[in-house]
$ cat entry00.pdb   # PDB, C-alpha atoms
ATOM      1  CA  MET I  29      11.939  -7.990  -0.079
ATOM      2  CA  THR I  30       9.054 -10.293  -0.934
ATOM      3  CA  GLU I  31       8.921 -14.064  -0.677
ATOM      4  CA  SER I  32       6.709 -16.537  -2.504
ATOM      5  CA  PHE I  33       6.210 -20.279  -3.006
ATOM      6  CA  GLN I  34       5.029 -21.684  -6.308
ATOM      7  CA  PHE I  35       5.003 -24.718  -8.605
ATOM      8  CA  LEU I  36       6.523 -24.261 -12.059
ATOM      9  CA  HIS I  37       4.392 -27.121 -13.469
ATOM     10  CA  PRO I  38       1.308 -27.267 -11.202
ATOM     11  CA  GLU I  39      -0.595 -29.430 -13.700
ATOM     12  CA  PHE I  40       1.316 -32.484 -12.420
ATOM     13  CA  LEU I  41      -0.398 -32.071  -9.047
ATOM     14  CA  PHE I  42      -3.632 -33.350 -10.572
ATOM     15  CA  LEU I  43      -2.005 -36.792 -10.613
ATOM     16  CA  LEU I  44      -2.265 -36.777  -6.821
ATOM     17  CA  LEU I  45      -5.998 -37.291  -7.281
ATOM     18  CA  LEU I  46      -5.241 -40.784  -8.613
ATOM     19  CA  LEU I  47      -3.564 -41.885  -5.377
ATOM     20  CA  PRO I  48      -6.810 -42.474  -3.400
ATOM     21  CA  ILE I  49      -8.105 -44.581  -6.309
ATOM     22  CA  LEU I  50      -4.852 -46.542  -6.367
ATOM     23  CA  ALA I  51      -5.036 -47.007  -2.596
ATOM     24  CA  ILE I  52      -8.584 -48.441  -2.853
ATOM     25  CA  TRP I  53      -7.551 -50.725  -5.704
ATOM     26  CA  LYS I  54      -4.538 -51.984  -3.755
ATOM     27  CA  GLY I  55      -6.656 -52.574  -0.678
ATOM     28  CA  ARG I  56      -9.290 -54.481  -2.662
ATOM     29  CA  TRP I  57      -7.082 -56.775  -4.747
ATOM     30  CA  GLY I  58      -3.794 -56.903  -2.876
ATOM     31  CA  ARG I  59      -0.683 -58.409  -4.503
ATOM     32  CA  PRO I  60      -0.714 -61.105  -7.209
ATOM     33  CA  VAL I  61      -1.302 -64.618  -5.875
ATOM     34  CA  ALA I  62       1.959 -66.255  -4.831
ATOM     35  CA  ILE I  63       0.507 -69.712  -3.803
ATOM     36  CA  ARG I  64      -1.757 -71.937  -5.886
ATOM     37  CA  MET I  65      -4.807 -73.174  -4.004
ATOM     38  CA  PRO I  66      -6.300 -76.629  -4.554
ATOM     39  CA  SER I  67      -9.858 -75.277  -4.584
ATOM     40  CA  THR I  68     -11.741 -71.991  -4.866
ATOM     41  CA  ASP I  69     -13.147 -72.500  -1.384
ATOM     42  CA  ASP I  70      -9.669 -72.278   0.073
ATOM     43  CA  ALA I  71      -8.943 -69.178  -2.014
ATOM     44  CA  ILE I  72     -12.085 -67.480  -0.746
ATOM     45  CA  HIS I  73     -11.165 -68.405   2.787
ATOM     46  CA  VAL I  74      -7.687 -66.892   2.389
ATOM     47  CA  GLY I  75      -9.027 -63.804   0.661
ATOM     48  CA  ALA I  76     -11.282 -63.136   3.607
ATOM     49  CA  LYS I  77      -8.333 -62.692   5.898
ATOM     50  CA  THR I  78      -7.529 -59.227   7.111
ATOM     51  CA  ARG I  79      -4.562 -57.524   5.430
ATOM     52  CA  SER I  80      -1.443 -57.727   7.624
ATOM     53  CA  LYS I  81       0.063 -54.580   9.105
ATOM     54  CA  ILE I  82       3.290 -55.124   7.144
ATOM     55  CA  GLY I  83       1.347 -55.530   3.918
ATOM     56  CA  GLY I  84      -0.492 -52.271   4.575
ATOM     57  CA  PHE I  85       2.835 -50.579   5.278
ATOM     58  CA  MET I  86       4.152 -51.714   1.902
ATOM     59  CA  VAL I  87       1.151 -50.170   0.144
ATOM     60  CA  PHE I  88       1.609 -46.933   2.095
ATOM     61  CA  LEU I  89       5.307 -46.886   1.185
ATOM     62  CA  GLY I  90       4.543 -47.151  -2.504
ATOM     63  CA  LEU I  91       1.851 -44.488  -2.458
ATOM     64  CA  LEU I  92       4.034 -42.073  -0.472
ATOM     65  CA  SER I  93       6.903 -42.484  -2.918
ATOM     66  CA  PHE I  94       4.579 -41.734  -5.853
ATOM     67  CA  ALA I  95       3.201 -38.658  -4.061
ATOM     68  CA  LEU I  96       6.720 -37.316  -3.488
ATOM     69  CA  LEU I  97       7.732 -37.980  -7.098
ATOM     70  CA  ILE I  98       4.632 -36.257  -8.456
ATOM     71  CA  THR I  99       5.348 -33.230  -6.248
ATOM     72  CA  ALA I 100       8.951 -33.170  -7.514
ATOM     73  CA  PHE I 101       7.754 -33.216 -11.149
ATOM     74  CA  ALA I 102       5.564 -30.173 -10.377
ATOM     75  CA  ARG I 103       8.834 -28.267  -9.634
ATOM     76  CA  PRO I 104       8.207 -26.536  -6.286
ATOM     77  CA  ARG I 105      10.378 -23.462  -5.762
ATOM     78  CA  HIS I 106      10.820 -20.644  -3.295
ATOM     79  CA  GLY I 107      11.103 -17.139  -4.721
ATOM     80  CA  LYS I 108      12.918 -14.192  -3.210
ATOM     81  CA  GLY I 109      12.517 -10.867  -4.912
ATOM     82  CA  SER I 110      12.023  -7.153  -4.640
ATOM     83  CA  THR I 111      10.120  -4.443  -6.439
ATOM     84  CA  ASP I 112      11.706  -1.029  -6.782
ATOM     85  CA  ILE I 113       9.501   1.979  -7.485
ATOM     86  CA  GLU I 114      11.086   4.695  -9.554
ATOM     87  CA  ALA I 115      10.097   8.293  -8.880
ATOM     88  CA  SER I 116       7.660   9.587 -11.469
ATOM     89  CA  GLY I 117       9.592  12.796 -12.038
ATOM     90  CA  ILE I 118       7.035  14.923 -10.182
ATOM     91  CA  ASP I 119       7.982  16.577  -6.873
ATOM     92  CA  ILE I 120       5.158  18.136  -4.854
ATOM     93  CA  VAL I 121       5.283  20.292  -1.726
ATOM     94  CA  LEU I 122       2.014  20.432   0.200
ATOM     95  CA  THR I 123       1.854  23.814   1.966
ATOM     96  CA  LEU I 124      -0.822  23.942   4.690
ATOM     97  CA  ASP I 125      -2.179  26.849   6.710
ATOM     98  CA  VAL I 126      -2.318  25.969  10.437
ATOM     99  CA  SER I 127      -3.276  29.398  11.766
ATOM    100  CA  GLY I 128      -5.883  29.770  14.525
ATOM    101  CA  SER I 129      -8.709  30.410  12.057
ATOM    102  CA  MET I 130      -8.381  26.803  10.864
ATOM    103  CA  GLU I 131     -10.332  25.912  14.029
ATOM    104  CA  ALA I 132     -13.512  27.236  12.419
ATOM    105  CA  LEU I 133     -16.303  24.625  12.393
ATOM    106  CA  ASP I 134     -17.772  25.407   8.961
ATOM    107  CA  PHE I 135     -16.939  22.010   7.409
ATOM    108  CA  LYS I 136     -18.589  18.662   8.087
ATOM    109  CA  ILE I 137     -17.650  14.983   8.113
ATOM    110  CA  ALA I 138     -20.616  12.588   7.923
ATOM    111  CA  GLY I 139     -22.906  15.454   8.858
ATOM    112  CA  THR I 140     -20.947  16.398  11.991
ATOM    113  CA  PRO I 141     -19.401  19.910  12.178
ATOM    114  CA  THR I 142     -15.615  19.519  12.072
ATOM    115  CA  ASN I 143     -12.857  22.093  12.147
ATOM    116  CA  ARG I 144     -11.083  22.934   8.930
ATOM    117  CA  ILE I 145      -7.689  21.492   9.829
ATOM    118  CA  GLU I 146      -9.045  17.986  10.526
ATOM    119  CA  VAL I 147     -10.986  17.967   7.253
ATOM    120  CA  VAL I 148      -7.921  19.209   5.365
ATOM    121  CA  LYS I 149      -5.710  16.516   6.930
ATOM    122  CA  GLY I 150      -8.141  13.802   5.863
ATOM    123  CA  VAL I 151      -8.405  15.070   2.279
ATOM    124  CA  VAL I 152      -4.631  15.601   1.964
ATOM    125  CA  ALA I 153      -3.989  12.065   3.294
ATOM    126  CA  LYS I 154      -6.246  10.708   0.541
ATOM    127  CA  PHE I 155      -4.376  12.770  -2.052
ATOM    128  CA  VAL I 156      -1.041  11.408  -0.814
ATOM    129  CA  GLY I 157      -2.369   7.864  -1.216
ATOM    130  CA  GLN I 158      -3.214   8.606  -4.856
ATOM    131  CA  ARG I 159       0.358   9.674  -5.685
ATOM    132  CA  PRO I 160       2.455   6.578  -4.814
ATOM    133  CA  ASN I 161       5.228   7.379  -7.289
ATOM    134  CA  ASP I 162       5.737  11.071  -6.507
ATOM    135  CA  ARG I 163       8.161  12.569  -4.048
ATOM    136  CA  LEU I 164       6.052  14.587  -1.618
ATOM    137  CA  GLY I 165       7.077  17.081   1.045
ATOM    138  CA  MET I 166       5.094  19.218   3.466
ATOM    139  CA  ILE I 167       5.365  22.752   4.866
ATOM    140  CA  ALA I 168       2.986  24.091   7.536
ATOM    141  CA  PHE I 169       2.674  27.750   8.360
ATOM    142  CA  ALA I 170       0.938  30.196  10.639
ATOM    143  CA  GLY I 171       2.907  33.296  11.713
ATOM    144  CA  ARG I 172       5.946  31.596  10.128
ATOM    145  CA  PRO I 173       6.500  28.440   8.071
ATOM    146  CA  TYR I 174       8.147  25.252   9.327
ATOM    147  CA  LEU I 175       9.118  21.931   7.748
ATOM    148  CA  VAL I 176       6.797  18.983   8.431
ATOM    149  CA  SER I 177       8.457  16.538   6.014
ATOM    150  CA  PRO I 178      11.169  16.826   3.358
ATOM    151  CA  LEU I 179      10.549  15.458  -0.120
ATOM    152  CA  THR I 180      10.218  11.695   0.195
ATOM    153  CA  LEU I 181       8.832   8.568  -1.432
ATOM    154  CA  ASP I 182       8.171   7.191   2.053
ATOM    155  CA  HIS I 183       4.523   8.164   2.171
ATOM    156  CA  GLU I 184       3.923   6.185   5.354
ATOM    157  CA  PHE I 185       6.345   8.517   7.120
ATOM    158  CA  LEU I 186       4.690  11.523   5.485
ATOM    159  CA  GLY I 187       1.263  10.324   6.625
ATOM    160  CA  LYS I 188       2.446  10.035  10.227
ATOM    161  CA  ARG I 189       3.933  13.531  10.125
ATOM    162  CA  LEU I 190       0.672  14.847   8.664
ATOM    163  CA  GLN I 191      -1.305  13.380  11.565
ATOM    164  CA  ASP I 192       1.055  15.118  13.984
ATOM    165  CA  VAL I 193       0.243  18.531  12.494
ATOM    166  CA  LYS I 194      -1.603  20.627  15.080
ATOM    167  CA  LEU I 195      -2.653  24.220  15.517
ATOM    168  CA  HIS I 196      -0.814  26.660  17.817
ATOM    169  CA  GLN I 197       2.595  25.006  17.324
ATOM    170  CA  VAL I 198       4.068  28.340  16.207
ATOM    171  CA  GLU I 199       3.009  31.943  16.709
ATOM    172  CA  ASP I 200      -0.320  32.787  15.111
ATOM    173  CA  GLY I 201      -0.732  34.690  11.878
ATOM    174  CA  THR I 202      -0.862  33.901   8.154
ATOM    175  CA  ALA I 203       2.550  34.205   6.500
ATOM    176  CA  ILE I 204       1.541  33.148   2.976
ATOM    177  CA  GLY I 205       4.500  34.820   1.237
ATOM    178  CA  SER I 206       7.052  33.253   3.584
ATOM    179  CA  ALA I 207       5.365  29.854   3.198
ATOM    180  CA  ILE I 208       5.647  30.054  -0.604
ATOM    181  CA  ALA I 209       9.292  31.157  -0.360
ATOM    182  CA  THR I 210      10.129  28.238   1.981
ATOM    183  CA  SER I 211       8.359  25.776  -0.325
ATOM    184  CA  VAL I 212      10.298  27.135  -3.302
ATOM    185  CA  THR I 213      13.555  26.692  -1.370
ATOM    186  CA  HIS I 214      12.773  23.015  -0.792
ATOM    187  CA  LEU I 215      12.137  22.510  -4.519
ATOM    188  CA  GLN I 216      14.892  24.609  -6.047
ATOM    189  CA  ASP I 217      17.516  21.836  -5.895
ATOM    190  CA  SER I 218      15.134  19.191  -7.222
ATOM    191  CA  ASN I 219      15.938  17.802 -10.669
ATOM    192  CA  ALA I 220      12.391  16.515 -11.205
ATOM    193  CA  LYS I 221      10.858  17.272 -14.591
ATOM    194  CA  SER I 222       7.847  18.832 -12.842
ATOM    195  CA  ARG I 223       7.877  20.726  -9.525
ATOM    196  CA  ILE I 224       4.627  21.755  -7.875
ATOM    197  CA  ILE I 225       3.423  23.603  -4.770
ATOM    198  CA  ILE I 226      -0.146  23.097  -3.544
ATOM    199  CA  LEU I 227      -0.854  25.978  -1.176
ATOM    200  CA  LEU I 228      -3.929  25.835   1.071
ATOM    201  CA  THR I 229      -4.982  28.775   3.235
ATOM    202  CA  ASP I 230      -8.079  30.290   4.814
ATOM    203  CA  GLY I 231      -6.783  33.802   5.349
ATOM    204  CA  VAL I 232      -4.959  36.912   4.198
ATOM    205  CA  ASN I 233      -1.210  37.424   4.204
ATOM    206  CA  ASN I 234      -0.613  39.321   7.473
ATOM    207  CA  ALA I 235       2.738  38.027   8.724
ATOM    208  CA  GLY I 236       6.248  37.348   7.463
ATOM    209  CA  ALA I 237       8.585  39.545   5.475
ATOM    210  CA  VAL I 238       7.918  38.138   1.999
ATOM    211  CA  ASN I 239       5.218  39.372  -0.360
ATOM    212  CA  PRO I 240       3.259  36.435  -1.847
ATOM    213  CA  LEU I 241       3.521  37.802  -5.402
ATOM    214  CA  THR I 242       7.287  38.275  -5.055
ATOM    215  CA  ALA I 243       7.588  34.674  -3.873
ATOM    216  CA  ALA I 244       5.434  33.583  -6.828
ATOM    217  CA  GLU I 245       7.818  35.351  -9.239
ATOM    218  CA  ALA I 246      10.717  33.421  -7.709
ATOM    219  CA  ALA I 247       8.771  30.189  -8.229
ATOM    220  CA  LYS I 248       8.069  31.142 -11.842
ATOM    221  CA  ALA I 249      11.755  31.827 -12.488
ATOM    222  CA  LEU I 250      12.588  28.307 -11.318
ATOM    223  CA  GLY I 251       9.790  26.690 -13.317
ATOM    224  CA  ILE I 252       7.773  25.784 -10.219
ATOM    225  CA  LYS I 253       3.999  25.682 -10.616
ATOM    226  CA  ILE I 254       1.706  26.753  -7.750
ATOM    227  CA  TYR I 255      -1.868  25.599  -7.210
ATOM    228  CA  THR I 256      -3.712  27.676  -4.598
ATOM    229  CA  ILE I 257      -6.752  26.637  -2.556
ATOM    230  CA  GLY I 258      -8.780  29.053  -0.441
ATOM    231  CA  VAL I 259     -10.903  27.284   2.193
ATOM    232  CA  GLY I 260     -13.850  28.410   4.281
ATOM    233  CA  ILE I 261     -17.435  29.507   3.784
ATOM    234  CA  ARG I 262     -18.173  33.004   2.573
ATOM    235  CA  GLY I 263     -19.487  35.228   5.355
ATOM    236  CA  ASP I 264     -19.287  34.318   9.041
ATOM    237  CA  ALA I 265     -18.001  31.007  10.410
ATOM    238  CA  PRO I 266     -18.420  29.508  13.909
ATOM    239  CA  VAL I 267     -15.112  29.464  15.803
ATOM    240  CA  PRO I 268     -14.599  27.912  19.284
ATOM    241  CA  VAL I 269     -13.396  30.512  21.803
ATOM    242  CA  GLN I 270     -12.434  30.100  25.466
ATOM    243  CA  ASP I 271     -13.692  32.635  28.006
ATOM    244  CA  ALA I 272     -11.890  33.808  31.132
ATOM    245  CA  PHE I 273     -13.102  30.745  33.055
ATOM    246  CA  GLY I 274     -11.708  28.272  30.470
ATOM    247  CA  ARG I 275     -15.111  27.446  29.080
ATOM    248  CA  THR I 276     -15.400  26.961  25.307
ATOM    249  CA  HIS I 277     -18.201  28.487  23.294
ATOM    250  CA  LEU I 278     -18.754  29.312  19.637
ATOM    251  CA  GLU I 279     -18.533  32.796  18.213
ATOM    252  CA  MET I 280     -19.351  33.827  14.661
ATOM    253  CA  MET I 281     -16.328  35.396  13.000
ATOM    254  CA  LYS I 282     -15.936  36.873   9.539
ATOM    255  CA  VAL I 283     -14.163  34.695   6.978
ATOM    256  CA  ASP I 284     -11.622  36.675   5.005
ATOM    257  CA  VAL I 285      -9.750  34.846   2.226
ATOM    258  CA  ASP I 286      -7.706  36.883  -0.262
ATOM    259  CA  ASP I 287      -9.018  35.119  -3.361
ATOM    260  CA  GLU I 288      -7.612  37.767  -5.693
ATOM    261  CA  MET I 289      -4.075  37.372  -4.373
ATOM    262  CA  LEU I 290      -4.284  33.563  -4.539
ATOM    263  CA  HIS I 291      -5.467  33.787  -8.142
ATOM    264  CA  LYS I 292      -2.539  36.046  -9.086
ATOM    265  CA  VAL I 293      -0.044  33.687  -7.417
ATOM    266  CA  SER I 294      -1.291  30.640  -9.319
ATOM    267  CA  GLU I 295      -1.710  32.504 -12.587
ATOM    268  CA  ALA I 296       1.856  33.848 -12.443
ATOM    269  CA  THR I 297       3.286  30.322 -12.217
ATOM    270  CA  GLY I 298       0.998  28.528 -14.675
ATOM    271  CA  GLY I 299      -1.082  26.891 -11.974
ATOM    272  CA  GLN I 300      -4.734  27.215 -11.069
ATOM    273  CA  SER I 301      -6.698  28.749  -8.193
ATOM    274  CA  PHE I 302      -9.564  27.012  -6.388
ATOM    275  CA  ARG I 303     -12.098  27.808  -3.667
ATOM    276  CA  ALA I 304     -13.468  25.189  -1.232
ATOM    277  CA  THR I 305     -16.506  26.029   0.879
ATOM    278  CA  ASP I 306     -17.267  22.512   2.149
ATOM    279  CA  THR I 307     -15.717  19.066   2.440
ATOM    280  CA  ASP I 308     -17.051  17.796  -0.887
ATOM    281  CA  SER I 309     -15.689  20.743  -2.857
ATOM    282  CA  LEU I 310     -12.284  20.375  -1.152
ATOM    283  CA  GLU I 311     -12.103  16.700  -2.112
ATOM    284  CA  LYS I 312     -13.046  17.539  -5.698
ATOM    285  CA  ILE I 313     -10.301  20.173  -5.868
ATOM    286  CA  TYR I 314      -7.575  17.712  -4.851
ATOM    287  CA  ASP I 315      -9.062  15.171  -7.275
ATOM    288  CA  SER I 316      -8.856  17.787 -10.038
ATOM    289  CA  ILE I 317      -5.213  18.546  -9.247
ATOM    290  CA  ASN I 318      -4.528  14.821  -9.179
ATOM    291  CA  GLN I 319      -5.932  14.534 -12.708
ATOM    292  CA  LEU I 320      -4.126  17.646 -13.960
ATOM    293  CA  GLU I 321      -0.747  16.342 -12.812
ATOM    294  CA  LYS I 322      -0.648  12.846 -14.248
ATOM    295  CA  THR I 323       1.948  10.391 -13.020
ATOM    296  CA  SER I 324       3.159   7.090 -14.458
ATOM    297  CA  ARG I 325       4.050   3.996 -12.475
ATOM    298  CA  LYS I 326       7.535   2.656 -13.121
ATOM    299  CA  LEU I 327       8.543  -0.648 -11.551
ATOM    300  CA  LYS I 328      11.696  -2.710 -11.555
ATOM    301  CA  GLN I 329      11.169  -6.268 -10.421
ATOM    302  CA  TYR I 330      13.871  -8.669  -9.364
ATOM    303  CA  GLN I 331      13.153 -12.335  -8.652
ATOM    304  CA  GLN I 332      15.442 -15.211  -7.663
ATOM    305  CA  TYR I 333      14.186 -18.760  -7.182
ATOM    306  CA  ASP I 334      15.536 -21.623  -5.090
ATOM    307  CA  GLU I 335      14.518 -24.973  -6.602
ATOM    308  CA  LEU I 336      13.010 -27.340  -4.021
ATOM    309  CA  TYR I 337      12.196 -30.379  -6.183
ATOM    310  CA  LEU I 338      15.252 -32.345  -4.942
ATOM    311  CA  TYR I 339      13.743 -32.302  -1.431
ATOM    312  CA  PHE I 340      10.885 -34.380  -2.862
ATOM    313  CA  LEU I 341      12.650 -36.279  -5.662
ATOM    314  CA  ILE I 342      15.413 -37.865  -3.569
ATOM    315  CA  PRO I 343      13.146 -39.113  -0.715
ATOM    316  CA  GLY I 344      10.622 -40.321  -3.310
ATOM    317  CA  LEU I 345      13.235 -42.334  -5.194
ATOM    318  CA  CYS I 346      14.646 -43.720  -1.943
ATOM    319  CA  LEU I 347      11.203 -44.848  -0.758
ATOM    320  CA  LEU I 348      10.438 -46.356  -4.163
ATOM    321  CA  LEU I 349      13.748 -48.243  -4.131
ATOM    322  CA  LEU I 350      13.083 -49.443  -0.586
ATOM    323  CA  GLU I 351       9.621 -50.661  -1.568
ATOM    324  CA  MET I 352      11.062 -52.531  -4.558
ATOM    325  CA  ILE I 353      13.765 -54.176  -2.423
ATOM    326  CA  LEU I 354      11.325 -55.212   0.286
ATOM    327  CA  SER I 355       8.921 -56.579  -2.308
ATOM    328  CA  GLN I 356      11.641 -59.021  -3.436
ATOM    329  CA  THR I 357      12.155 -60.400   0.079
ATOM    330  CA  ARG I 358       9.790 -62.316   2.299
ATOM    331  CA  PHE I 359       7.424 -59.304   2.278
ATOM    332  CA  ARG I 360       6.288 -60.181  -1.234
ATOM    333  CA  ARG I 361       4.173 -62.998   0.184
ATOM    334  CA  LEU I 362       2.422 -60.725   2.635
ATOM    335  CA  PRO I 363      -1.023 -59.524   1.575
TER     336      PRO I 363
END

$ encode --input "entry00.pdb" --output "C-alpha cells"
Amino acid sequence: MTESFQFLHPEFLFLLLLLPILAIWKGRWGRPVAIRMPSTDDAIHVGAKTRSKIGGFMVFLGLLSFALLITAFARPRHGKGSTDIEASGIDIVLTLDVSGSMEALDFKIAGTPTNRIEVVKGVVAKFVGQRPNDRLGMIAFAGRPYLVSPLTLDHEFLGKRLQDVKLHQVEDGTAIGSAIATSVTHLQDSNAKSRIIILLTDGVNNAGAVNPLTAAEAAKALGIKIYTIGVGIRGDAPVPVQDAFGRTHLEMMKVDVDDEMLHKVSEATGGQSFRATDTDSLEKIYDSINQLEKTSRKLKQYQQYDELYLYFLIPGLCLLLLEMILSQTRFRRLP
C-alpha cells in the first residue's frame, strides 16, 4: 500500500504569490476614507497614524480566507493505492555447490583474495536483483542437496536466505546428480511458461545416488532448461587448511571440474554451459543468462483518492463571510 498527496490543479497555487503584494498594498493604502477632512494637512496627520491592531487583524483575515480558497481551487487530495507485480512466467531455481572446495581462495574482490562461496553469493544476489518479476528458488548441495528457499517473488526473503548459506552445513561431497533431481522436483509442478535451473559447481559428481545425465533427461522430459557453470581456476588453487593445533594455513590443491559432464547436462536440456575462472567472468556469465532469459514487467496499479478541498473551502468561505460582516460594523472605520 502506497500513499501520496497531490494537487489536481496545482496551477492555482501560483495565485498565492499575489498575496504578499496584496498585503503590502493593503498596508500602504488601508481602507477607503470614511470621514471627509477639512484640509489636506489634517488628512496627512491622520494618515501618519499607526494602523490599529484590529485593522491589521481584518487585513490578515481577508488574506487568510483568500489563501484557503486558492488552496481549495487547487484540489488537494490524498491518494491510497497499491501496485501488484505479476509473475513474468519464468521460474528459476538457483542450484549452488557448497562443498568444502568452495573455500578455495582463487577469486578476488577489489583485489583481495576471497573464497569462491562469498564471491558466488555476491554475484547471485546481483542476479536476483535483476529479475524482479521472476519466481526464484534456491537449492544448495554438498554431499546431499537441501532447500534454501522455495520458489518465491519475495526476493528480500530469498536474499536473506542466500546470506545464511554457509559451508559445512551438510556432509561434504559433490552430489551434482541429486542436486539436479531435487531442483527438477521443485519445478515439476510449476505452470510457468519457462522453467530454468542454473547449476553452479566447482567439482565432480562424487556423491548421491543419481547420475547427472539421468537427472538431465528427466529435466528435458519436463521441458526444464539447465544452465551449468563450472567455477575455479584451472590447475592448483589455494585452500585454507587447519593443522592439528587449529592453526590455518594455505595448501595448493588441484582443481577438478567435470566440464564435459556439465556441457552434456546443459546441451541435453537446451541450455548452455559456462566456465568462470575469476570474479569478472562469473559476473559476465550471470549477465549473459540474464540476457538470454528475457522477462517483461507487468504491473497492475490501483489508486483511490480522498478529496481534501472541503477542508480548505469551508474555512475559507467562513473567514471571508466573517470579514465581510465585520467590515459592515464599527470595524469599517478602523484603519

$ resolve_selection --input "entry00.pdb" --expression "the PyMOL selection byres ((chain I and resi 232-246) around 9)" --output "CSV table (one decimal) with C-alpha atoms, in the frame of the given file"
chain,number,residue,atom,x,y,z
I,170,ALA,CA,0.9,30.2,10.6
I,171,GLY,CA,2.9,33.3,11.7
I,172,ARG,CA,5.9,31.6,10.1
I,173,PRO,CA,6.5,28.4,8.1
I,200,ASP,CA,-0.3,32.8,15.1
I,201,GLY,CA,-0.7,34.7,11.9
I,202,THR,CA,-0.9,33.9,8.2
I,203,ALA,CA,2.6,34.2,6.5
I,204,ILE,CA,1.5,33.1,3.0
I,205,GLY,CA,4.5,34.8,1.2
I,206,SER,CA,7.1,33.3,3.6
I,207,ALA,CA,5.4,29.9,3.2
I,208,ILE,CA,5.6,30.1,-0.6
I,209,ALA,CA,9.3,31.2,-0.4
I,212,VAL,CA,10.3,27.1,-3.3
I,229,THR,CA,-5.0,28.8,3.2
I,230,ASP,CA,-8.1,30.3,4.8
I,231,GLY,CA,-6.8,33.8,5.3
I,247,ALA,CA,8.8,30.2,-8.2
I,248,LYS,CA,8.1,31.1,-11.8
I,249,ALA,CA,11.8,31.8,-12.5
I,250,LEU,CA,12.6,28.3,-11.3
I,251,GLY,CA,9.8,26.7,-13.3
I,252,ILE,CA,7.8,25.8,-10.2
I,253,LYS,CA,4.0,25.7,-10.6
I,254,ILE,CA,1.7,26.8,-7.8
I,284,ASP,CA,-11.6,36.7,5.0
I,285,VAL,CA,-9.8,34.8,2.2
I,286,ASP,CA,-7.7,36.9,-0.3
I,287,ASP,CA,-9.0,35.1,-3.4
I,289,MET,CA,-4.1,37.4,-4.4
I,290,LEU,CA,-4.3,33.6,-4.5
I,292,LYS,CA,-2.5,36.0,-9.1
I,293,VAL,CA,0.0,33.7,-7.4
I,294,SER,CA,-1.3,30.6,-9.3
I,296,ALA,CA,1.9,33.8,-12.4
I,297,THR,CA,3.3,30.3,-12.2

$ closest_residue --input "entry00.pdb" --among "I:Thr357, I:Ser177, I:Met280, I:Ser218" --to "Ser129 in chain I" --atoms "all atoms listed in the file"
I:Met280

$ residues_around --input "entry00.pdb" --residues "Leu186 in chain I" --least-positions-apart "3" --cutoff "8 Å" --atoms "all atoms listed in the file" --output "list in words"
Leu164, Gly165, Met166, Ser177, Thr180, Asp182, His183, Arg189 and Leu190 of chain I

$ atom_distance --input "entry00.pdb" --atom1 "CA of Thr305 in chain I" --atom2 "CA of Arg262 in chain I"
7.4 Å

$ atom_distance --input "entry00.pdb" --atom1 "CA of Gly128 in chain I" --atom2 "CA of Glu311 in chain I"
22.1 Å

$ atom_distance --input "entry00.pdb" --atom1 "CA of Ser127 in chain I" --atom2 "CA of Thr140 in chain I"
21.9 Å

$ residues_around --input "entry00.pdb" --residues "range 265-268 of chain I" --least-positions-apart "6" --cutoff "8 Å" --atoms "all atoms listed in the file" --output "ChimeraX atom specification"
/I:129,131-134,276-283

$ residues_around --input "entry00.pdb" --residues "Leu97 in chain I" --least-positions-apart "4" --cutoff "12 Å" --atoms "only C-alpha atoms" --output "PDB file with C-alpha atoms, keeping the file's coordinate frame"
ATOM      1  CA  PHE I  40       1.316 -32.484 -12.420  1.00  0.00           C
ATOM      2  CA  LEU I  41      -0.398 -32.071  -9.047  1.00  0.00           C
ATOM      3  CA  LEU I  43      -2.005 -36.792 -10.613  1.00  0.00           C
ATOM      4  CA  LEU I  44      -2.265 -36.777  -6.821  1.00  0.00           C
ATOM      5  CA  GLY I  90       4.543 -47.151  -2.504  1.00  0.00           C
ATOM      6  CA  LEU I  91       1.851 -44.488  -2.458  1.00  0.00           C
ATOM      7  CA  LEU I  92       4.034 -42.073  -0.472  1.00  0.00           C
ATOM      8  CA  SER I  93       6.903 -42.484  -2.918  1.00  0.00           C
ATOM      9  CA  PHE I 101       7.754 -33.216 -11.149  1.00  0.00           C
ATOM     10  CA  ALA I 102       5.564 -30.173 -10.377  1.00  0.00           C
ATOM     11  CA  ARG I 103       8.834 -28.267  -9.634  1.00  0.00           C
ATOM     12  CA  PRO I 104       8.207 -26.536  -6.286  1.00  0.00           C
ATOM     13  CA  TYR I 337      12.196 -30.379  -6.183  1.00  0.00           C
ATOM     14  CA  LEU I 338      15.252 -32.345  -4.942  1.00  0.00           C
ATOM     15  CA  TYR I 339      13.743 -32.302  -1.431  1.00  0.00           C
ATOM     16  CA  PHE I 340      10.885 -34.380  -2.862  1.00  0.00           C
ATOM     17  CA  LEU I 341      12.650 -36.279  -5.662  1.00  0.00           C
ATOM     18  CA  ILE I 342      15.413 -37.865  -3.569  1.00  0.00           C
ATOM     19  CA  PRO I 343      13.146 -39.113  -0.715  1.00  0.00           C
ATOM     20  CA  GLY I 344      10.622 -40.321  -3.310  1.00  0.00           C
ATOM     21  CA  LEU I 345      13.235 -42.334  -5.194  1.00  0.00           C
ATOM     22  CA  CYS I 346      14.646 -43.720  -1.943  1.00  0.00           C
ATOM     23  CA  LEU I 347      11.203 -44.848  -0.758  1.00  0.00           C
ATOM     24  CA  LEU I 348      10.438 -46.356  -4.163  1.00  0.00           C
TER      25      LEU I 348
END

$ residues_around --input "entry00.pdb" --residues "Val176 in chain I" --least-positions-apart "4" --cutoff "12 Å" --atoms "all atoms listed in the file" --output "list of chain:residue names"
I:Val121, I:Leu122, I:Thr123, I:Leu124, I:Val126, I:Leu164, I:Gly165, I:Met166, I:Ile167, I:Ala168, I:Phe169, I:Thr180, I:Phe185, I:Leu186, I:Gly187, I:Lys188, I:Arg189, I:Leu190, I:Gln191, I:Asp192, I:Val193, I:Lys194, I:Gln197, I:Thr210, I:Ser211, I:His214

$ closest_residue --input "entry00.pdb" --among "I:Ser316, I:Thr99, I:Thr307, I:Ser355" --to "Phe135 in chain I" --atoms "all atoms listed in the file"
I:Thr307

$ closest_residue --input "entry00.pdb" --among "I:Asn219, I:Ser309, I:Gln34, I:Asn161" --to "Val148 in chain I" --atoms "only C-alpha atoms"
I:Ser309

$ closest_residue --input "entry00.pdb" --among "I:Leu215, I:Asp119, I:Gly139, I:Asp125" --to "Leu181 in chain I" --atoms "all atoms listed in the file"
I:Asp119

$ residues_near_point --input "entry00.pdb" --point "(10.0, 16.5, -16.7)" --cutoff "10 Å" --atoms "all atoms listed in the file" --output "list in words"
Ser116, Gly117, Ile118, Asn219, Ala220, Lys221, Ser222 and Arg223 of chain I
